[in-house]
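Visitor: For reference, this is upload11.cif, and it has mmCIF, C-alpha atoms; chains and numbers go by the auth columns.
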```cif
data_model
loop_
_atom_site.group_PDB
_atom_site.id
_atom_site.type_symbol
_atom_site.label_atom_id
_atom_site.label_comp_id
_atom_site.label_asym_id
_atom_site.label_seq_id
_atom_site.Cartn_x
_atom_site.Cartn_y
_atom_site.Cartn_z
_atom_site.B_iso_or_equiv
_atom_site.auth_seq_id
_atom_site.auth_asym_id
ATOM 1 C CA HIS A 1 0.000 0.000 0.000 0.00 19 A
ATOM 2 C CA ALA A 2 2.865 2.390 0.747 0.00 20 A
ATOM 3 C CA LEU A 3 4.388 1.674 -2.658 0.00 21 A
ATOM 4 C CA GLU A 4 1.085 2.236 -4.438 0.00 22 A
ATOM 5 C CA LEU A 5 0.625 5.591 -2.695 0.00 23 A
ATOM 6 C CA ALA A 6 4.072 6.615 -3.929 0.00 24 A
ATOM 7 C CA ARG A 7 3.286 5.452 -7.464 0.00 25 A
ATOM 8 C CA ARG A 8 0.204 7.675 -7.429 0.00 26 A
ATOM 9 C CA GLY A 9 2.189 10.778 -6.572 0.00 27 A
ATOM 10 C CA PHE A 10 1.955 11.004 -2.793 0.00 28 A
ATOM 11 C CA LEU A 11 5.119 12.290 -1.129 0.00 29 A
ATOM 12 C CA HIS A 12 7.123 11.394 1.994 0.00 30 A
ATOM 13 C CA ILE A 13 5.635 7.936 2.489 0.00 31 A
ATOM 14 C CA ASP A 14 6.577 5.940 5.610 0.00 32 A
ATOM 15 C CA GLY A 15 5.967 2.198 5.708 0.00 33 A
ATOM 16 C CA PHE A 16 5.825 0.473 9.098 0.00 34 A
ATOM 17 C CA ALA A 17 5.391 -3.273 9.732 0.00 35 A
ATOM 18 C CA ARG A 18 6.128 -5.906 12.332 0.00 36 A
ATOM 19 C CA SER A 19 7.224 -8.433 9.720 0.00 37 A
ATOM 20 C CA HIS A 20 10.901 -8.409 8.726 0.00 38 A
ATOM 21 C CA TYR A 21 10.002 -10.380 5.601 0.00 39 A
ATOM 22 C CA LEU A 22 7.397 -7.859 4.426 0.00 40 A
ATOM 23 C CA ILE A 23 9.626 -4.869 5.180 0.00 41 A
ATOM 24 C CA SER A 24 12.571 -6.423 3.335 0.00 42 A
ATOM 25 C CA ARG A 25 10.412 -7.196 0.342 0.00 43 A
ATOM 26 C CA ALA A 26 8.926 -3.684 0.320 0.00 44 A
ATOM 27 C CA ARG A 27 12.362 -2.050 0.553 0.00 45 A
ATOM 28 C CA LYS A 28 13.568 -4.124 -2.381 0.00 46 A
ATOM 29 C CA SER A 29 10.549 -3.100 -4.472 0.00 47 A
ATOM 30 C CA ALA A 30 10.929 0.565 -3.559 0.00 48 A
ATOM 31 C CA LEU A 31 14.600 0.496 -4.513 0.00 49 A
ATOM 32 C CA GLY A 32 13.865 -1.227 -7.808 0.00 50 A
ATOM 33 C CA GLU A 33 11.174 1.322 -8.732 0.00 51 A
ATOM 34 C CA ARG A 34 13.110 4.266 -7.264 0.00 52 A
ATOM 35 C CA LEU A 35 10.198 5.172 -5.013 0.00 53 A
ATOM 36 C CA PRO A 36 11.046 7.501 -2.083 0.00 54 A
ATOM 37 C CA VAL A 37 9.403 5.385 0.630 0.00 55 A
ATOM 38 C CA ARG A 38 10.877 4.900 4.116 0.00 56 A
ATOM 39 C CA PHE A 39 10.239 1.580 5.903 0.00 57 A
ATOM 40 C CA ARG A 40 10.611 0.621 9.554 0.00 58 A
ATOM 41 C CA GLU A 41 9.878 -2.482 11.635 0.00 59 A
ATOM 42 C CA GLY A 42 8.061 -2.341 14.956 0.00 60 A
ATOM 43 C CA ASP A 43 4.962 -2.848 17.090 0.00 61 A
ATOM 44 C CA ALA A 44 1.862 -0.785 16.250 0.00 62 A
ATOM 45 C CA ARG A 45 1.076 -0.512 19.964 0.00 63 A
ATOM 46 C CA LYS A 46 4.276 1.550 20.375 0.00 64 A
ATOM 47 C CA LEU A 47 4.732 3.584 17.222 0.00 65 A
ATOM 48 C CA PRO A 48 8.179 5.209 16.837 0.00 66 A
ATOM 49 C CA TYR A 49 6.797 8.565 15.717 0.00 67 A
ATOM 50 C CA PRO A 50 6.383 11.878 17.591 0.00 68 A
ATOM 51 C CA ASP A 51 3.012 13.152 18.772 0.00 69 A
ATOM 52 C CA SER A 52 0.851 14.845 16.112 0.00 70 A
ATOM 53 C CA SER A 53 3.269 13.930 13.303 0.00 71 A
ATOM 54 C CA PHE A 54 0.704 12.712 10.754 0.00 72 A
ATOM 55 C CA ASP A 55 -2.423 14.216 9.241 0.00 73 A
ATOM 56 C CA ARG A 56 -3.679 10.964 7.697 0.00 74 A
ATOM 57 C CA VAL A 57 -3.449 7.334 8.808 0.00 75 A
ATOM 58 C CA TYR A 58 -4.515 4.456 6.586 0.00 76 A
ATOM 59 C CA ILE A 59 -4.862 1.031 8.223 0.00 77 A
ATOM 60 C CA ALA A 60 -4.813 -1.018 5.080 0.00 78 A
ATOM 61 C CA GLY A 61 -5.726 -4.442 3.821 0.00 79 A
ATOM 62 C CA ASN A 62 -7.385 -5.957 6.920 0.00 80 A
ATOM 63 C CA SER A 63 -4.400 -5.176 9.150 0.00 81 A
ATOM 64 C CA PHE A 64 -6.372 -4.576 12.333 0.00 82 A
ATOM 65 C CA GLY A 65 -7.261 -7.003 15.123 0.00 83 A
ATOM 66 C CA TYR A 66 -4.319 -9.422 15.076 0.00 84 A
ATOM 67 C CA PHE A 67 -3.136 -9.081 18.674 0.00 85 A
ATOM 68 C CA SER A 68 -4.256 -11.667 21.220 0.00 86 A
ATOM 69 C CA GLU A 69 -6.344 -9.396 23.455 0.00 87 A
ATOM 70 C CA ALA A 70 -9.086 -6.907 22.625 0.00 88 A
ATOM 71 C CA GLN A 71 -7.313 -4.210 24.655 0.00 89 A
ATOM 72 C CA ASP A 72 -4.395 -4.445 22.242 0.00 90 A
ATOM 73 C CA ASP A 73 -6.673 -3.219 19.453 0.00 91 A
ATOM 74 C CA ALA A 74 -7.565 -0.264 21.665 0.00 92 A
ATOM 75 C CA ALA A 75 -3.844 0.330 22.258 0.00 93 A
ATOM 76 C CA VAL A 76 -3.218 0.493 18.500 0.00 94 A
ATOM 77 C CA LEU A 77 -5.984 3.065 18.077 0.00 95 A
ATOM 78 C CA SER A 78 -4.627 5.047 21.009 0.00 96 A
ATOM 79 C CA GLU A 79 -1.218 5.198 19.331 0.00 97 A
ATOM 80 C CA VAL A 80 -2.762 6.174 16.005 0.00 98 A
ATOM 81 C CA ARG A 81 -4.619 8.982 17.735 0.00 99 A
ATOM 82 C CA ARG A 82 -1.398 10.108 19.415 0.00 100 A
ATOM 83 C CA VAL A 83 0.567 10.389 16.155 0.00 101 A
ATOM 84 C CA LEU A 84 -2.291 12.101 14.315 0.00 102 A
ATOM 85 C CA ALA A 85 -2.464 15.882 14.396 0.00 103 A
ATOM 86 C CA GLY A 86 -5.692 17.533 15.482 0.00 104 A
ATOM 87 C CA GLY A 87 -8.174 17.353 12.652 0.00 105 A
ATOM 88 C CA GLY A 88 -6.258 14.402 11.212 0.00 106 A
ATOM 89 C CA ARG A 89 -8.200 11.477 9.825 0.00 107 A
ATOM 90 C CA LEU A 90 -7.979 7.715 10.035 0.00 108 A
ATOM 91 C CA LEU A 91 -9.093 5.414 7.229 0.00 109 A
ATOM 92 C CA LEU A 92 -9.571 1.816 8.322 0.00 110 A
ATOM 93 C CA ASP A 93 -10.045 -1.007 5.812 0.00 111 A
ATOM 94 C CA LEU A 94 -11.054 -4.301 7.439 0.00 112 A
ATOM 95 C CA SER A 95 -13.015 -7.481 6.849 0.00 113 A
ATOM 96 C CA ASP A 96 -16.757 -7.405 7.401 0.00 114 A
ATOM 97 C CA GLY A 97 -17.017 -9.748 10.384 0.00 115 A
ATOM 98 C CA ASP A 98 -20.671 -10.576 9.807 0.00 116 A
ATOM 99 C CA TRP A 99 -19.965 -11.486 6.189 0.00 117 A
ATOM 100 C CA VAL A 100 -16.993 -13.682 7.179 0.00 118 A
ATOM 101 C CA ARG A 101 -19.180 -15.656 9.571 0.00 119 A
ATOM 102 C CA ASP A 102 -21.877 -16.138 6.928 0.00 120 A
ATOM 103 C CA ASN A 103 -19.453 -17.009 4.100 0.00 121 A
ATOM 104 C CA PHE A 104 -16.675 -18.839 5.909 0.00 122 A
ATOM 105 C CA GLU A 105 -14.031 -20.539 3.764 0.00 123 A
ATOM 106 C CA PRO A 106 -11.691 -22.904 5.655 0.00 124 A
ATOM 107 C CA ARG A 107 -8.998 -22.831 2.935 0.00 125 A
ATOM 108 C CA SER A 108 -7.665 -20.440 0.314 0.00 126 A
ATOM 109 C CA TRP A 109 -4.565 -19.691 -1.731 0.00 127 A
ATOM 110 C CA GLU A 110 -3.317 -16.888 -3.940 0.00 128 A
ATOM 111 C CA TRP A 111 -0.292 -15.891 -6.008 0.00 129 A
ATOM 112 C CA ILE A 112 1.536 -12.820 -4.689 0.00 130 A
ATOM 113 C CA SER A 113 4.181 -12.798 -7.424 0.00 131 A
ATOM 114 C CA PRO A 114 4.945 -14.927 -10.500 0.00 132 A
ATOM 115 C CA LYS A 115 6.815 -17.405 -8.276 0.00 133 A
ATOM 116 C CA GLU A 116 5.412 -16.807 -4.772 0.00 134 A
ATOM 117 C CA TYR A 117 2.084 -17.998 -3.392 0.00 135 A
ATOM 118 C CA VAL A 118 0.187 -17.981 -0.075 0.00 136 A
ATOM 119 C CA CYS A 119 -1.844 -20.917 1.297 0.00 137 A
ATOM 120 C CA ARG A 120 -4.164 -20.427 4.301 0.00 138 A
ATOM 121 C CA GLU A 121 -6.203 -22.756 6.553 0.00 139 A
ATOM 122 C CA ARG A 122 -8.761 -21.198 8.919 0.00 140 A
ATOM 123 C CA GLN A 123 -11.049 -22.027 11.836 0.00 141 A
ATOM 124 C CA PHE A 124 -13.090 -20.012 14.331 0.00 142 A
ATOM 125 C CA SER A 125 -11.946 -19.546 17.920 0.00 143 A
ATOM 126 C CA ALA A 126 -14.060 -21.176 20.645 0.00 144 A
ATOM 127 C CA ASP A 127 -15.910 -17.912 21.352 0.00 145 A
ATOM 128 C CA GLY A 128 -16.458 -17.204 17.638 0.00 146 A
ATOM 129 C CA GLN A 129 -14.829 -13.766 17.904 0.00 147 A
ATOM 130 C CA LYS A 130 -11.668 -14.619 15.965 0.00 148 A
ATOM 131 C CA VAL A 131 -10.578 -16.465 12.855 0.00 149 A
ATOM 132 C CA ILE A 132 -7.441 -18.524 13.526 0.00 150 A
ATOM 133 C CA SER A 133 -5.350 -18.935 10.371 0.00 151 A
ATOM 134 C CA ARG A 134 -2.290 -20.869 9.383 0.00 152 A
ATOM 135 C CA GLU A 135 -0.500 -19.051 6.574 0.00 153 A
ATOM 136 C CA MET A 136 2.293 -20.508 4.469 0.00 154 A
ATOM 137 C CA VAL A 137 4.219 -18.535 1.868 0.00 155 A
ATOM 138 C CA GLY A 138 5.906 -20.691 -0.722 0.00 156 A
ATOM 139 C CA HIS A 139 8.193 -20.221 -3.700 0.00 157 A
ATOM 140 C CA THR A 140 8.138 -22.376 -6.814 0.00 158 A
ATOM 141 C CA GLU A 141 11.935 -22.763 -6.687 0.00 159 A
ATOM 142 C CA LYS A 142 12.930 -22.089 -3.051 0.00 160 A
ATOM 143 C CA GLY A 143 10.136 -23.978 -1.306 0.00 161 A
ATOM 144 C CA VAL A 144 8.524 -22.698 1.918 0.00 162 A
ATOM 145 C CA LEU A 145 9.592 -19.140 2.767 0.00 163 A
ATOM 146 C CA PHE A 146 7.708 -18.947 6.055 0.00 164 A
ATOM 147 C CA ASP A 147 4.898 -20.706 7.902 0.00 165 A
ATOM 148 C CA GLN A 148 2.960 -18.944 10.673 0.00 166 A
ATOM 149 C CA VAL A 149 -0.248 -19.092 12.706 0.00 167 A
ATOM 150 C CA TYR A 150 -2.198 -15.976 13.664 0.00 168 A
ATOM 151 C CA ALA A 151 -5.689 -14.962 14.790 0.00 169 A
ATOM 152 C CA ALA A 152 -7.767 -12.025 13.549 0.00 170 A
ATOM 153 C CA ARG A 153 -10.540 -10.507 15.651 0.00 171 A
ATOM 154 C CA LEU A 154 -13.777 -9.955 13.715 0.00 172 A
ATOM 155 C CA TYR A 155 -15.572 -6.590 13.723 0.00 173 A
ATOM 156 C CA ASN A 156 -18.788 -5.406 12.168 0.00 174 A
ATOM 157 C CA ARG A 157 -19.656 -1.747 11.565 0.00 175 A
ATOM 158 C CA GLU A 158 -21.307 -1.247 14.947 0.00 176 A
ATOM 159 C CA ALA A 159 -18.460 -2.821 16.921 0.00 177 A
ATOM 160 C CA ILE A 160 -15.653 -0.913 15.200 0.00 178 A
ATOM 161 C CA THR A 161 -17.584 2.353 15.542 0.00 179 A
ATOM 162 C CA ARG A 162 -17.951 1.803 19.291 0.00 180 A
ATOM 163 C CA LEU A 163 -14.245 1.002 19.630 0.00 181 A
ATOM 164 C CA LEU A 164 -13.173 4.104 17.697 0.00 182 A
ATOM 165 C CA GLU A 165 -15.431 6.397 19.704 0.00 183 A
ATOM 166 C CA ALA A 166 -14.230 4.859 22.979 0.00 184 A
ATOM 167 C CA ASN A 167 -10.653 5.715 21.991 0.00 185 A
ATOM 168 C CA GLY A 168 -11.095 9.382 21.196 0.00 186 A
ATOM 169 C CA PHE A 169 -12.198 9.392 17.563 0.00 187 A
ATOM 170 C CA GLY A 170 -15.216 11.282 16.313 0.00 188 A
ATOM 171 C CA GLY A 171 -17.118 11.765 13.070 0.00 189 A
ATOM 172 C CA VAL A 172 -17.043 8.019 12.395 0.00 190 A
ATOM 173 C CA THR A 173 -18.527 7.019 9.049 0.00 191 A
ATOM 174 C CA SER A 174 -18.535 3.599 7.416 0.00 192 A
ATOM 175 C CA ALA A 175 -19.290 2.051 4.068 0.00 193 A
ATOM 176 C CA GLY A 176 -20.210 -1.611 4.360 0.00 194 A
ATOM 177 C CA ASP A 177 -20.896 -4.203 1.671 0.00 195 A
ATOM 178 C CA TYR A 178 -17.713 -3.281 -0.197 0.00 196 A
ATOM 179 C CA GLU A 179 -17.273 -6.405 -2.304 0.00 197 A
ATOM 180 C CA THR A 180 -13.754 -7.290 -3.408 0.00 198 A
ATOM 181 C CA LYS A 181 -13.186 -8.660 -6.902 0.00 199 A
ATOM 182 C CA SER A 182 -10.264 -10.875 -7.886 0.00 200 A
ATOM 183 C CA GLN A 183 -8.866 -10.360 -11.369 0.00 201 A
ATOM 184 C CA LYS A 184 -7.532 -13.933 -11.208 0.00 202 A
ATOM 185 C CA ASN A 185 -10.798 -15.490 -9.956 0.00 203 A
ATOM 186 C CA GLN A 186 -9.166 -16.517 -6.664 0.00 204 A
ATOM 187 C CA ASP A 187 -10.704 -17.177 -3.263 0.00 205 A
ATOM 188 C CA LEU A 188 -10.288 -13.937 -1.295 0.00 206 A
ATOM 189 C CA GLY A 189 -11.163 -15.522 2.040 0.00 207 A
ATOM 190 C CA MET A 190 -11.620 -12.917 4.790 0.00 208 A
ATOM 191 C CA MET A 191 -11.211 -10.115 2.249 0.00 209 A
ATOM 192 C CA GLY A 192 -14.239 -11.100 0.184 0.00 210 A
ATOM 193 C CA GLN A 193 -16.265 -8.239 1.650 0.00 211 A
ATOM 194 C CA ARG A 194 -14.832 -5.265 3.482 0.00 212 A
ATOM 195 C CA ILE A 195 -15.812 -2.314 5.640 0.00 213 A
ATOM 196 C CA ILE A 196 -14.241 1.079 4.953 0.00 214 A
ATOM 197 C CA VAL A 197 -14.308 3.319 8.036 0.00 215 A
ATOM 198 C CA THR A 198 -13.150 6.911 8.457 0.00 216 A
ATOM 199 C CA ALA A 199 -12.804 8.831 11.717 0.00 217 A
ATOM 200 C CA GLU A 200 -11.389 12.158 12.878 0.00 218 A
ATOM 201 C CA VAL A 201 -9.125 13.199 15.727 0.00 219 A
ATOM 202 C CA ARG A 202 -9.979 16.406 17.546 0.00 220 A
ATOM 203 C CA LYS A 203 -7.070 18.102 19.299 0.00 221 A
ATOM 204 C CA ALA A 204 -5.993 21.613 20.200 0.00 222 A
ATOM 205 C CA ASP A 205 -3.452 21.629 17.350 0.00 223 A
ATOM 206 C CA ALA A 206 -6.049 21.008 14.635 0.00 224 A
ATOM 207 C CA SER A 207 -4.504 23.713 12.432 0.00 225 A
ATOM 208 C CA ALA A 208 -1.475 21.495 11.756 0.00 226 A
ATOM 209 C CA ALA A 209 -3.514 18.998 9.763 0.00 227 A
ATOM 210 C CA ARG A 210 -5.629 21.640 8.057 0.00 228 A
ATOM 211 C CA ASN A 211 -2.519 23.476 6.892 0.00 229 A
ATOM 212 C CA GLY A 212 -0.913 20.298 5.557 0.00 230 A
ATOM 213 C CA ASN A 213 1.980 20.470 8.024 0.00 231 A
ATOM 214 C CA GLY A 214 1.402 17.000 9.440 0.00 232 A
ATOM 215 C CA GLN A 215 1.909 13.631 7.825 0.00 233 A
ATOM 216 C CA ALA A 216 -0.349 10.809 6.722 0.00 234 A
ATOM 217 C CA ALA A 217 -0.083 7.141 7.567 0.00 235 A
ATOM 218 C CA ALA A 218 -1.484 3.629 7.058 0.00 236 A
ATOM 219 C CA LEU A 219 -1.319 0.271 8.827 0.00 237 A
ATOM 220 C CA HIS A 220 -0.685 -2.958 6.955 0.00 238 A
ATOM 221 C CA SER A 221 -0.570 -6.396 8.481 0.00 239 A
ATOM 222 C CA ASN A 222 -1.832 -9.809 7.307 0.00 240 A
ATOM 223 C CA GLY A 223 -0.834 -11.144 10.694 0.00 241 A
ATOM 224 C CA THR A 224 1.587 -8.328 11.441 0.00 242 A
ATOM 225 C CA SER A 225 1.077 -4.703 12.227 0.00 243 A
ATOM 226 C CA GLY A 226 2.120 -2.018 9.786 0.00 244 A
ATOM 227 C CA LEU A 227 1.969 1.703 9.190 0.00 245 A
ATOM 228 C CA THR A 228 2.416 3.745 6.027 0.00 246 A
ATOM 229 C CA GLY A 229 2.761 7.496 6.389 0.00 247 A
ATOM 230 C CA ALA A 230 2.946 10.433 4.020 0.00 248 A
ATOM 231 C CA SER A 231 3.547 14.081 4.826 0.00 249 A
ATOM 232 C CA HIS A 232 2.206 16.850 2.593 0.00 250 A
ATOM 233 C CA MET A 233 0.001 14.428 0.684 0.00 251 A
ATOM 234 C CA ASN A 234 0.359 15.762 -2.842 0.00 252 A
ATOM 235 C CA GLY A 235 -1.573 13.275 -4.939 0.00 253 A
ATOM 236 C CA ASN A 236 -2.106 13.563 -8.672 0.00 254 A
#
```
In structure tokens, write the structure found in this file.
Guide:
Amino acid sequence: HALELARRGFLHIDGFARSHYLISRARKSALGERLPVRFREGDARKLPYPDSSFDRVYIAGNSFGYFSEAQDDAAVLSEVRRVLAGGGRLLLDLSDGDWVRDNFEPRSWEWISPKEYVCRERQFSADGQKVISREMVGHTEKGVLFDQVYAARLYNREAITRLLEANGFGGVTSAGDYETKSQKNQDLGMMGQRIIVTAEVRKADASAARNGNGQAAALHSNGTSGLTGASHMNGN
């Protein structure tokens, strides 16, 4: 997502992820395309950015809800609020939990490059609030690149709105029933239908975001936590 923002003309992009593999791959792509994107590894509950340093945050590609406890999700939102300037906005892209429950697929796979693919096996947690997934990334020549197990907490529009409001966000709006289409006719699993949520931070320094002096950011995960930021968002 950070790379795509840069391709579309946004400036000063920062990519942040917990996964060394994803960060390494992103850095390699950015170097190859000569895209001015900065990448860092870390934990989204403790973001390495100063207060009020972004004017936009984009939590991308169903990257939210992967920590073990519900309070960890609140901690991520608290950190996002901290690094957003007053008047800054969050855009959250996540799976529609109700749709996942009604259209559950225990297995899926997809190609992520001409030679790399991802296979996933899924089951619900005992309380039905999470989807537990085993994810294997393989290479047609190198074999298995990594194999991991993670759990994603499911949210519907009402639940994510309550969580955002409880953590200092206002002006929450959501667009549900956002159906994802695969150009390769693949099983999209949890990403088959998504919720797009926006929310606003209200702080005393709201003029920073309005004047374009802050930065913008996004979180990317697939089992890890990530953040992509851009200051002075000059899109084409």
Visitor: Leaving out stretch 140-151 of chain A and any residue of its chain fewer than 5 positions from it, which residues lie within 8 Å of it when counting all atoms listed in the file, given as a list in words?
Guide: Glu123, Pro124, Arg125, Val167, Tyr168, Ala169, Ala170, Arg171 and Leu172 of chain A
Visitor: Could you jot down the atom CA of A:Arg26 to atom CA of A:Val55 separation for me, Å, one decimal place?
Guide: 12.4 Å
Visitor: Using only C-alpha atoms, which of the listed residues (A:Lys160, A:Arg119, A:Arg100, A:Arg152) sits closest to A:Arg74?
Guide: A:Arg100
Visitor: Taking all atoms listed in the file into account, name the residue in A:Arg212, A:Glu183, A:Ala35, A:Ala48 that is nearest to A:Leu95.
Guide: A:Glu183
Visitor: Rounded to one decimal place, report the atom CA of A:Arg175-atom CA of A:Glu218 distance in Å.
Guide: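 Pair atom CA of A:Arg175 / atom CA of A:Glu218 returns 16.2 Å.
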Visitor: Go ahead and find all residues with at least one atom no further than 8 Å from (7.4, -10.0, -4.5) in the file's coordinates, using only C-alpha atoms; report them as a list in words.
Guide: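 Nearby residues: Arg43, Ser47, Ile130, Ser131 and Glu134 of chain A.
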